[in-house]
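One file, structure.csv, is given below (CSV, C-alpha atoms (C1' of nucleotides)).
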```csv
chain,number,residue,atom,x,y,z
A,281,MET,CA,-49.2,-178.9,71.0
A,282,SER,CA,-52.4,-180.5,72.3
A,283,ASP,CA,-52.4,-178.2,75.2
A,284,VAL,CA,-52.2,-175.2,72.9
A,285,PHE,CA,-55.0,-176.3,70.6
A,286,ASN,CA,-57.1,-177.3,73.6
A,287,ALA,CA,-56.5,-173.8,75.1
A,288,LEU,CA,-57.6,-172.3,71.9
A,289,SER,CA,-60.8,-174.4,71.7
A,290,SER,CA,-62.6,-172.2,74.2
A,291,PRO,CA,-64.2,-169.0,73.0
A,292,THR,CA,-63.7,-167.4,76.4
A,293,ARG,CA,-60.0,-168.2,76.3
A,294,ARG,CA,-59.7,-166.8,72.7
A,295,GLN,CA,-61.4,-163.7,73.9
A,296,ILE,CA,-58.9,-163.4,76.7
A,297,LEU,CA,-56.1,-163.7,74.1
A,298,SER,CA,-57.7,-161.1,71.9
A,299,LEU,CA,-57.8,-158.7,74.8
A,300,LEU,CA,-54.2,-159.4,75.5
A,301,LYS,CA,-53.3,-158.8,71.9
A,302,ALA,CA,-54.2,-155.2,72.3
A,303,ARG,CA,-52.4,-154.7,75.6
A,304,ASP,CA,-51.2,-156.4,78.8
A,305,MET,CA,-54.0,-156.6,81.4
A,306,THR,CA,-54.5,-157.6,85.0
A,307,ALA,CA,-56.8,-160.5,85.9
A,308,GLY,CA,-59.2,-157.9,87.2
A,309,ASP,CA,-59.2,-155.9,84.0
A,310,ILE,CA,-60.0,-159.0,82.1
A,311,ALA,CA,-62.7,-160.0,84.5
A,312,ASP,CA,-64.4,-156.6,83.9
A,313,GLN,CA,-64.6,-157.3,80.2
A,314,LEU,CA,-66.0,-160.8,80.4
A,315,ALA,CA,-69.2,-162.3,81.7
A,316,VAL,CA,-67.8,-165.1,83.9
A,317,GLY,CA,-66.8,-165.3,87.5
A,318,LYS,CA,-63.3,-164.5,88.7
A,319,SER,CA,-62.8,-168.0,89.9
A,320,THR,CA,-63.8,-169.4,86.5
A,321,LEU,CA,-61.4,-167.0,84.8
A,322,SER,CA,-58.6,-168.1,87.1
A,323,GLY,CA,-59.2,-171.6,85.8
A,324,HIS,CA,-58.9,-170.3,82.2
A,325,PHE,CA,-55.7,-168.5,83.1
A,326,ASN,CA,-54.2,-171.7,84.3
A,327,VAL,CA,-55.1,-173.4,81.0
A,328,LEU,CA,-53.5,-170.6,79.1
A,329,LYS,CA,-50.4,-170.6,81.3
A,330,SER,CA,-50.0,-174.4,80.9
A,331,ALA,CA,-50.1,-174.0,77.2
A,332,ASP,CA,-47.5,-171.2,77.6
A,333,LEU,CA,-49.8,-168.9,75.6
A,334,VAL,CA,-49.5,-166.2,78.3
A,335,THR,CA,-46.9,-165.0,80.7
A,336,THR,CA,-47.5,-163.4,84.1
A,337,GLU,CA,-45.9,-160.8,86.2
A,338,ARG,CA,-46.9,-159.9,89.7
A,339,ASN,CA,-46.8,-156.2,90.7
A,340,GLY,CA,-47.9,-155.9,94.3
A,341,THR,CA,-51.4,-157.4,94.6
A,342,THR,CA,-52.1,-157.4,90.9
A,343,ILE,CA,-50.9,-159.9,88.3
A,344,THR,CA,-50.5,-158.8,84.8
A,345,TYR,CA,-51.0,-161.2,81.9
A,346,SER,CA,-49.3,-160.9,78.5
A,347,LEU,CA,-49.7,-162.7,75.3
A,348,ASN,CA,-46.8,-165.0,74.5
A,349,THR,CA,-46.5,-164.4,70.7
A,350,SER,CA,-43.7,-166.9,70.2
A,351,VAL,CA,-46.0,-169.8,71.1
A,352,VAL,CA,-48.7,-168.4,68.9
A,353,GLU,CA,-46.1,-168.6,66.2
A,354,ASP,CA,-45.6,-172.2,67.0
A,355,VAL,CA,-49.3,-172.9,66.4
A,356,LEU,CA,-49.0,-171.1,63.1
A,357,ALA,CA,-46.2,-173.4,62.1
A,358,ALA,CA,-48.2,-176.5,63.1
A,359,VAL,CA,-51.1,-175.4,61.1
A,360,VAL,CA,-48.9,-174.5,58.1
A,361,GLY,CA,-47.5,-178.0,58.5
A,362,LEU,CA,-51.0,-179.4,57.7
A,363,LEU,CA,-50.9,-177.6,54.4
A,364,SER,CA,-47.4,-178.5,53.3
A,365,ASN,CA,-46.1,-181.9,52.4
A,366,GLU,CA,-43.3,-182.6,54.8
A,367,GLU,CA,-43.6,-185.1,57.6
A,368,LYS,CA,-45.5,-185.9,60.7
A,369,GLU,CA,-45.9,-185.0,64.3
A,370,THR,CA,-47.7,-186.4,67.4
A,371,LYS,CA,-45.4,-189.1,68.8
A,372,GLY,CA,-45.7,-190.5,72.3
A,373,GLU,CA,-48.7,-188.3,73.1
A,374,SER,CA,-52.1,-189.9,73.4
A,375,ASP,CA,-55.6,-188.7,74.0
A,376,ALA,CA,-57.0,-188.1,77.4
A,377,PRO,CA,-60.7,-188.8,77.8
A,378,VAL,CA,-62.4,-185.6,76.8
B,201,MET,CA,-64.0,-171.8,65.0
B,202,SER,CA,-64.3,-173.5,68.4
B,203,ASP,CA,-65.2,-176.7,66.6
B,204,VAL,CA,-62.0,-176.5,64.5
B,205,PHE,CA,-59.6,-175.9,67.4
B,206,ASN,CA,-61.4,-178.5,69.5
B,207,ALA,CA,-60.9,-181.0,66.6
B,208,LEU,CA,-57.2,-180.1,66.5
B,209,SER,CA,-56.8,-180.5,70.2
B,210,SER,CA,-56.7,-184.3,69.9
B,211,PRO,CA,-53.4,-185.9,69.0
B,212,THR,CA,-55.2,-188.8,67.4
B,213,ARG,CA,-57.2,-186.4,65.2
B,214,ARG,CA,-54.1,-184.5,64.2
B,215,GLN,CA,-52.5,-187.8,63.2
B,216,ILE,CA,-55.5,-188.5,61.0
B,217,LEU,CA,-55.1,-185.2,59.4
B,218,SER,CA,-51.4,-185.8,58.9
B,219,LEU,CA,-52.2,-189.1,57.2
B,220,LEU,CA,-54.7,-187.4,54.9
B,221,LYS,CA,-52.2,-184.6,54.1
B,222,ALA,CA,-50.2,-187.3,52.2
B,223,ARG,CA,-53.1,-188.9,50.4
B,224,ASP,CA,-56.8,-189.6,50.7
B,225,MET,CA,-57.6,-192.7,52.7
B,226,THR,CA,-60.5,-194.9,53.6
B,227,ALA,CA,-61.6,-195.3,57.2
B,228,GLY,CA,-60.1,-198.8,57.2
B,229,ASP,CA,-56.7,-197.6,55.8
B,230,ILE,CA,-56.6,-195.1,58.7
B,231,ALA,CA,-57.6,-197.7,61.3
B,232,ASP,CA,-54.7,-199.8,60.1
B,233,GLN,CA,-52.3,-197.0,61.0
B,234,LEU,CA,-53.6,-196.1,64.4
B,235,ALA,CA,-53.9,-197.9,67.7
B,236,VAL,CA,-57.5,-197.2,68.4
B,237,GLY,CA,-60.7,-199.2,67.7
B,238,LYS,CA,-62.7,-198.6,64.6
B,239,SER,CA,-65.7,-197.4,66.6
B,240,THR,CA,-63.5,-194.9,68.4
B,241,LEU,CA,-62.1,-193.7,65.1
B,242,SER,CA,-65.6,-193.3,63.7
B,243,GLY,CA,-66.2,-190.8,66.5
B,244,HIS,CA,-63.1,-188.9,65.6
B,245,PHE,CA,-64.2,-188.8,62.0
B,246,ASN,CA,-67.5,-187.2,63.1
B,247,VAL,CA,-65.6,-184.5,65.0
B,248,LEU,CA,-63.5,-183.8,62.0
B,249,LYS,CA,-66.5,-183.7,59.7
B,250,SER,CA,-68.4,-181.4,62.0
B,251,ALA,CA,-65.4,-179.0,62.0
B,252,ASP,CA,-65.4,-179.4,58.2
B,253,LEU,CA,-61.8,-180.4,58.3
B,254,VAL,CA,-62.4,-183.4,56.2
B,255,THR,CA,-64.7,-184.4,53.4
B,256,THR,CA,-66.0,-187.8,52.5
B,257,GLU,CA,-67.0,-189.8,49.5
B,258,ARG,CA,-68.5,-193.2,49.4
B,259,ASN,CA,-67.4,-195.7,46.8
B,260,GLY,CA,-69.2,-199.0,47.2
B,261,THR,CA,-68.7,-200.2,50.8
B,262,THR,CA,-65.7,-197.9,51.5
B,263,ILE,CA,-65.7,-194.3,52.5
B,264,THR,CA,-62.8,-192.2,51.5
B,265,TYR,CA,-61.7,-189.2,53.6
B,266,SER,CA,-59.9,-186.2,52.3
B,267,LEU,CA,-58.3,-183.2,54.0
B,268,ASN,CA,-60.3,-180.0,53.5
B,269,THR,CA,-57.4,-177.5,53.1
B,270,SER,CA,-59.6,-174.5,52.8
B,271,VAL,CA,-60.7,-174.8,56.4
B,272,VAL,CA,-57.1,-175.4,57.5
B,273,GLU,CA,-56.4,-172.1,55.8
B,274,ASP,CA,-59.2,-170.5,57.9
B,275,VAL,CA,-57.5,-171.7,61.1
B,276,LEU,CA,-54.3,-170.2,59.8
B,277,ALA,CA,-56.1,-166.8,59.4
B,278,ALA,CA,-57.5,-167.1,62.9
B,279,VAL,CA,-54.1,-167.7,64.4
B,280,VAL,CA,-52.5,-165.0,62.4
B,281,GLY,CA,-55.2,-162.7,63.8
B,282,LEU,CA,-53.8,-163.3,67.2
B,283,LEU,CA,-50.5,-161.9,66.1
B,284,SER,CA,-51.8,-158.8,64.2
B,285,ASN,CA,-53.5,-155.9,65.8
B,286,GLU,CA,-56.9,-155.7,64.1
B,287,GLU,CA,-60.1,-156.5,65.9
B,288,LYS,CA,-61.8,-159.2,67.8
B,289,GLU,CA,-63.8,-162.4,67.2
B,290,THR,CA,-65.9,-164.7,69.3
B,291,LYS,CA,-69.3,-163.1,69.5
B,292,GLY,CA,-72.4,-165.0,70.4
B,293,GLU,CA,-70.5,-168.2,71.0
B,294,SER,CA,-70.1,-169.4,74.5
B,295,ASP,CA,-68.3,-172.3,76.2
B,296,ALA,CA,-70.0,-175.6,76.7
B,297,PRO,CA,-68.9,-177.5,79.8
B,298,VAL,CA,-66.0,-179.3,78.4
C,133,DT,C1',-81.4,-214.2,48.7
C,134,DC,C1',-77.2,-215.1,51.4
C,135,DC,C1',-72.6,-213.9,52.5
C,136,DT,C1',-68.7,-211.0,53.2
C,137,DT,C1',-66.5,-206.7,53.9
C,138,DA,C1',-66.6,-201.8,55.5
C,139,DT,C1',-68.3,-198.6,58.5
C,140,DT,C1',-71.3,-196.7,62.0
C,141,DT,C1',-74.4,-196.8,66.1
C,142,DC,C1',-75.3,-198.2,70.7
C,143,DG,C1',-74.6,-199.0,75.7
C,144,DG,C1',-71.6,-198.5,79.3
C,145,DT,C1',-67.5,-196.7,82.0
C,146,DT,C1',-64.3,-193.3,83.3
C,147,DA,C1',-62.0,-188.9,83.2
C,148,DT,C1',-62.0,-184.1,82.3
C,149,DT,C1',-63.8,-179.5,82.6
C,150,DA,C1',-66.8,-175.0,82.7
C,151,DG,C1',-69.2,-172.8,85.8
C,152,DC,C1',-70.5,-171.0,90.6
C,153,DG,C1',-69.9,-169.0,95.4
C,154,DA,C1',-67.4,-169.2,99.6
C,155,DA,C1',-63.2,-169.4,101.8
C,156,DA,C1',-58.3,-168.9,101.7
C,157,DT,C1',-54.1,-166.6,100.3
C,158,DA,C1',-51.0,-162.7,99.0
C,159,DC,C1',-49.6,-158.2,99.3
C,160,DA,C1',-49.5,-153.1,100.5
C,161,DG,C1',-50.5,-149.4,103.3
C,162,DA,C1',-52.1,-147.2,107.6
D,206,DT,C1',-50.9,-155.8,113.3
D,207,DC,C1',-55.2,-154.9,111.1
D,208,DT,C1',-57.7,-153.7,106.9
D,209,DG,C1',-58.8,-153.7,102.1
D,210,DT,C1',-58.0,-155.2,97.5
D,211,DA,C1',-56.6,-158.8,94.1
D,212,DT,C1',-56.4,-163.3,92.9
D,213,DT,C1',-56.5,-168.2,93.6
D,214,DT,C1',-58.1,-172.6,95.8
D,215,DC,C1',-61.8,-175.6,97.2
D,216,DG,C1',-66.1,-178.2,96.9
D,217,DC,C1',-69.6,-179.0,94.1
D,218,DT,C1',-72.8,-180.0,89.9
D,219,DA,C1',-73.7,-181.0,85.2
D,220,DA,C1',-72.2,-181.8,80.6
D,221,DT,C1',-69.0,-183.7,77.4
D,222,DA,C1',-66.0,-186.9,75.4
D,223,DA,C1',-62.5,-191.0,74.7
D,224,DC,C1',-62.5,-195.5,74.7
D,225,DC,C1',-64.2,-200.4,74.1
D,226,DG,C1',-66.8,-204.5,72.2
D,227,DA,C1',-71.1,-206.0,70.3
D,228,DA,C1',-74.7,-205.2,67.3
D,229,DA,C1',-76.6,-202.8,63.4
D,230,DT,C1',-76.4,-200.9,58.8
D,231,DA,C1',-74.8,-200.4,53.9
D,232,DA,C1',-73.3,-202.1,49.6
D,233,DG,C1',-71.6,-205.6,46.3
D,234,DG,C1',-71.1,-210.0,44.5
D,235,DA,C1',-72.1,-215.1,44.2
```
Written form, structure tokens:
Amino acid sequence: MSDVFNALSSPTRRQILSLLKARDMTAGDIADQLAVGKSTLSGHFNVLKSADLVTTERNGTTITYSLNTSVVEDVLAAVVGLLSNEEKETKGESDAPV
Amino acid sequence: MSDVFNALSSPTRRQILSLLKARDMTAGDIADQLAVGKSTLSGHFNVLKSADLVTTERNGTTITYSLNTSVVEDVLAAVVGLLSNEEKETKGESDAPV
DNA sequence: TCCTTATTTCGGTTATTAGCGAAATACAGA
DNA sequence: TCTGTATTTCGCTAATAACCGAAATAAGGA
């Protein structure tokens, strides 16, 4: 879950997810919409993939990214958990520097 | 909103919020439950306060922390936004290097 | 005023990451 | 095989943050 919240903590990555909410897009499509270099975007894609927030499919030379709504739903559940009075989370996991 | 997701990206801070979900606690109470130094925790408190996820009240020498559920609800809305098909967010804001 | 308790600030170390451009890789088509 | 397009990897720099212990601050009570 840390990975997911960390992925969501970047405005650029939230923008990517917002774009993908509307429709699946290739890396190039997304790069055309955002003001960061393609290599930088590639790094953001890796973060989003590690958090399982997006899925990918290669078609020829292009790679299409899609929003993974089931993981977004998991985030939702985690946040709702903070509002309800059940029990805990975060065991075993510990902070990495920054 | 970046501040909020960033605050939530740390397991230690999510643990603090989970503790506060059950009841208001002083910094010392929280320190007794977690395996990090008090100075480190103080840093985490600042992050949570900046994100407006907690509120504080001083009583004598102790400071009591409380969960700010209204901001948690804002997070909820932001995540729900990723699942619905309305429009965008993140304008003006840009990534700081980590 | 002095002492004790609670909490934060400071100084330092180490690890992580956003960003860039250039080079490398992957694939399709001629 | 060679070429062109799409995307990622690499090397780098600068900024941020988690952590610790020690020192500083805040407040109350003797």
Please identify every residue of chain C that has at least one atom no more than 9 Å from any atom of chain A, counting all atoms listed in the file, and report them as a PyMOL selection string. chain C and resi 146-152+158-160
Could you list, with a cut-off of 6 Å and counting all atoms listed in the file, the residues of chain A near chain B, each shown with its nearest atom pair and the distance in Å rounded to one decimal, rows sorted by chain and ascending number, as JSON lines?
```
{"residue": "A:Ser282", "atom": "CA", "partner": "B:Ser209", "partner_atom": "CA", "distance": 4.9}
{"residue": "A:Phe285", "atom": "CA", "partner": "B:Ser209", "partner_atom": "CA", "distance": 4.6}
{"residue": "A:Asn286", "atom": "CA", "partner": "B:Ser209", "partner_atom": "CA", "distance": 4.7}
{"residue": "A:Ser289", "atom": "CA", "partner": "B:Asn206", "partner_atom": "CA", "distance": 4.7}
{"residue": "A:Pro291", "atom": "CA", "partner": "B:Thr290", "partner_atom": "CA", "distance": 5.9}
{"residue": "A:Thr370", "atom": "CA", "partner": "B:Pro211", "partner_atom": "CA", "distance": 5.9}
```
Counting all atoms listed in the file, which of B:Ile216, B:Ile230, B:Ile263, B:Val271 gets nearest to chain D? B:Ile263
Could you list, as a PyMOL selection string, the residues of chain D having an atom within 7 Å of chain B when counting all atoms listed in the file? chain D and resi 220-221+224+231-232
Could you please take those selected residues and save C-alpha atoms (C1' of nucleotides) as a PDB file, in the coordinates of the input?
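Result file is selection.pdb:
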```
ATOM      1  C1'  DA D 220     -72.200-181.800  80.600  1.00  0.00           C
ATOM      2  C1'  DT D 221     -69.000-183.700  77.400  1.00  0.00           C
ATOM      3  C1'  DC D 224     -62.500-195.500  74.700  1.00  0.00           C
ATOM      4  C1'  DA D 231     -74.800-200.400  53.900  1.00  0.00           C
ATOM      5  C1'  DA D 232     -73.300-202.100  49.600  1.00  0.00           C
TER       6       DA D 232
END
```
Spatial neighbours of DA162 in chain C, 12 Å, all atoms listed in the file, chain gap at least 2 places, as a count of residues only: 5
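Summary of the local environment: counting only C-alpha atoms (C1' of nucleotides), residues at most 12 Å from DA154 in chain C, other than itself and those fewer than 5 positions away along its chain, are A:Ser319, D:DT214, D:DC215, D:DG216, D:DC217.
The spacing separating CA of Ser322 in chain A from CA of Ala307 in chain A amounts to 7.9 Å.
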Could you tell me how far C1' of DG153 in chain C lies from CA of Arg338 in chain A, in Å and to one decimal? 25.4 Å
Range 212-223 of chain D from the block above, N, CA and C atoms (P, O5', C5', C4', C3', O3' and C1' of nucleotides), as a PDB file, in the first residue's frame, please?
```
ATOM      1  P    DT D 212       5.222   4.729 -27.495  1.00  0.00           P
ATOM      2  O5'  DT D 212       6.438   4.264 -26.586  1.00  0.00           O
ATOM      3  C5'  DT D 212       6.716   2.867 -26.483  1.00  0.00           C
ATOM      4  C4'  DT D 212       8.023   2.646 -25.751  1.00  0.00           C
ATOM      5  C3'  DT D 212       8.142   3.338 -24.399  1.00  0.00           C
ATOM      6  O3'  DT D 212       8.021   2.342 -23.381  1.00  0.00           O
ATOM      7  C1'  DT D 212      10.179   3.379 -25.632  1.00  0.00           C
ATOM      8  P    DT D 213       8.374   2.675 -21.843  1.00  0.00           P
ATOM      9  O5'  DT D 213       9.912   2.267 -21.774  1.00  0.00           O
ATOM     10  C5'  DT D 213      10.292   0.974 -22.220  1.00  0.00           C
ATOM     11  C4'  DT D 213      11.791   0.806 -22.046  1.00  0.00           C
ATOM     12  C3'  DT D 213      12.295   1.022 -20.619  1.00  0.00           C
ATOM     13  O3'  DT D 213      13.151  -0.067 -20.291  1.00  0.00           O
ATOM     14  C1'  DT D 213      13.517   2.380 -22.116  1.00  0.00           C
ATOM     15  P    DT D 214      13.800  -0.157 -18.837  1.00  0.00           P
ATOM     16  O5'  DT D 214      15.319   0.285 -19.098  1.00  0.00           O
ATOM     17  C5'  DT D 214      16.112  -0.449 -20.020  1.00  0.00           C
ATOM     18  C4'  DT D 214      17.502   0.173 -20.089  1.00  0.00           C
ATOM     19  C3'  DT D 214      18.178   0.386 -18.727  1.00  0.00           C
ATOM     20  O3'  DT D 214      19.540  -0.022 -18.863  1.00  0.00           O
ATOM     21  C1'  DT D 214      18.112   2.423 -19.896  1.00  0.00           C
ATOM     22  P    DC D 215      20.491  -0.039 -17.581  1.00  0.00           P
ATOM     23  O5'  DC D 215      21.370   1.273 -17.813  1.00  0.00           O
ATOM     24  C5'  DC D 215      21.970   1.494 -19.091  1.00  0.00           C
ATOM     25  C4'  DC D 215      22.793   2.777 -19.061  1.00  0.00           C
ATOM     26  C3'  DC D 215      23.454   3.073 -17.715  1.00  0.00           C
ATOM     27  O3'  DC D 215      24.803   3.455 -17.935  1.00  0.00           O
ATOM     28  C1'  DC D 215      22.156   4.920 -18.403  1.00  0.00           C
ATOM     29  P    DG D 216      25.824   3.473 -16.691  1.00  0.00           P
ATOM     30  O5'  DG D 216      26.179   5.032 -16.589  1.00  0.00           O
ATOM     31  C5'  DG D 216      26.391   5.788 -17.778  1.00  0.00           C
ATOM     32  C4'  DG D 216      26.496   7.260 -17.431  1.00  0.00           C
ATOM     33  C3'  DG D 216      27.040   7.530 -16.026  1.00  0.00           C
ATOM     34  O3'  DG D 216      27.913   8.646 -16.077  1.00  0.00           O
ATOM     35  C1'  DG D 216      24.909   8.506 -16.235  1.00  0.00           C
ATOM     36  P    DC D 217      28.697   9.118 -14.753  1.00  0.00           P
ATOM     37  O5'  DC D 217      27.851  10.397 -14.290  1.00  0.00           O
ATOM     38  C5'  DC D 217      27.720  11.491 -15.199  1.00  0.00           C
ATOM     39  C4'  DC D 217      26.621  12.420 -14.742  1.00  0.00           C
ATOM     40  C3'  DC D 217      26.731  12.900 -13.297  1.00  0.00           C
ATOM     41  O3'  DC D 217      27.448  14.136 -13.275  1.00  0.00           O
ATOM     42  C1'  DC D 217      24.464  12.525 -14.027  1.00  0.00           C
ATOM     43  P    DT D 218      27.703  14.881 -11.872  1.00  0.00           P
ATOM     44  O5'  DT D 218      26.359  15.718 -11.625  1.00  0.00           O
ATOM     45  C5'  DT D 218      25.855  16.560 -12.650  1.00  0.00           C
ATOM     46  C4'  DT D 218      24.661  17.319 -12.107  1.00  0.00           C
ATOM     47  C3'  DT D 218      24.870  17.840 -10.675  1.00  0.00           C
ATOM     48  O3'  DT D 218      24.378  19.168 -10.591  1.00  0.00           O
ATOM     49  C1'  DT D 218      22.947  16.480 -10.754  1.00  0.00           C
ATOM     50  P    DA D 219      24.594  19.988  -9.231  1.00  0.00           P
ATOM     51  O5'  DA D 219      23.102  19.982  -8.646  1.00  0.00           O
ATOM     52  C5'  DA D 219      22.026  20.364  -9.498  1.00  0.00           C
ATOM     53  C4'  DA D 219      20.745  20.262  -8.716  1.00  0.00           C
ATOM     54  C3'  DA D 219      20.835  20.815  -7.294  1.00  0.00           C
ATOM     55  O3'  DA D 219      19.617  21.478  -6.978  1.00  0.00           O
ATOM     56  C1'  DA D 219      20.252  18.533  -7.218  1.00  0.00           C
ATOM     57  P    DA D 220      19.425  22.246  -5.595  1.00  0.00           P
ATOM     58  O5'  DA D 220      18.151  21.519  -4.981  1.00  0.00           O
ATOM     59  C5'  DA D 220      17.075  21.166  -5.851  1.00  0.00           C
ATOM     60  C4'  DA D 220      16.190  20.173  -5.137  1.00  0.00           C
ATOM     61  C3'  DA D 220      15.925  20.528  -3.681  1.00  0.00           C
ATOM     62  O3'  DA D 220      14.527  20.418  -3.447  1.00  0.00           O
ATOM     63  C1'  DA D 220      16.769  18.331  -3.838  1.00  0.00           C
ATOM     64  P    DT D 221      13.935  20.781  -2.019  1.00  0.00           P
ATOM     65  O5'  DT D 221      13.600  19.323  -1.446  1.00  0.00           O
ATOM     66  C5'  DT D 221      12.945  18.392  -2.301  1.00  0.00           C
ATOM     67  C4'  DT D 221      12.784  17.076  -1.569  1.00  0.00           C
ATOM     68  C3'  DT D 221      12.359  17.220  -0.109  1.00  0.00           C
ATOM     69  O3'  DT D 221      11.254  16.353   0.083  1.00  0.00           O
ATOM     70  C1'  DT D 221      14.280  15.846  -0.278  1.00  0.00           C
ATOM     71  P    DA D 222      10.424  16.412   1.414  1.00  0.00           P
ATOM     72  O5'  DA D 222      10.947  15.113   2.177  1.00  0.00           O
ATOM     73  C5'  DA D 222      10.884  13.866   1.526  1.00  0.00           C
ATOM     74  C4'  DA D 222      11.570  12.821   2.378  1.00  0.00           C
ATOM     75  C3'  DA D 222      11.227  12.921   3.875  1.00  0.00           C
ATOM     76  O3'  DA D 222      11.076  11.603   4.355  1.00  0.00           O
ATOM     77  C1'  DA D 222      13.547  13.003   3.589  1.00  0.00           C
ATOM     78  P    DA D 223      10.015  11.299   5.492  1.00  0.00           P
ATOM     79  O5'  DA D 223      10.684  10.059   6.230  1.00  0.00           O
ATOM     80  C5'  DA D 223      11.195   8.975   5.469  1.00  0.00           C
ATOM     81  C4'  DA D 223      12.249   8.256   6.283  1.00  0.00           C
ATOM     82  C3'  DA D 223      11.995   8.258   7.787  1.00  0.00           C
ATOM     83  O3'  DA D 223      12.217   6.947   8.308  1.00  0.00           O
ATOM     84  C1'  DA D 223      14.119   9.219   7.316  1.00  0.00           C
TER      85       DA D 223
END
```
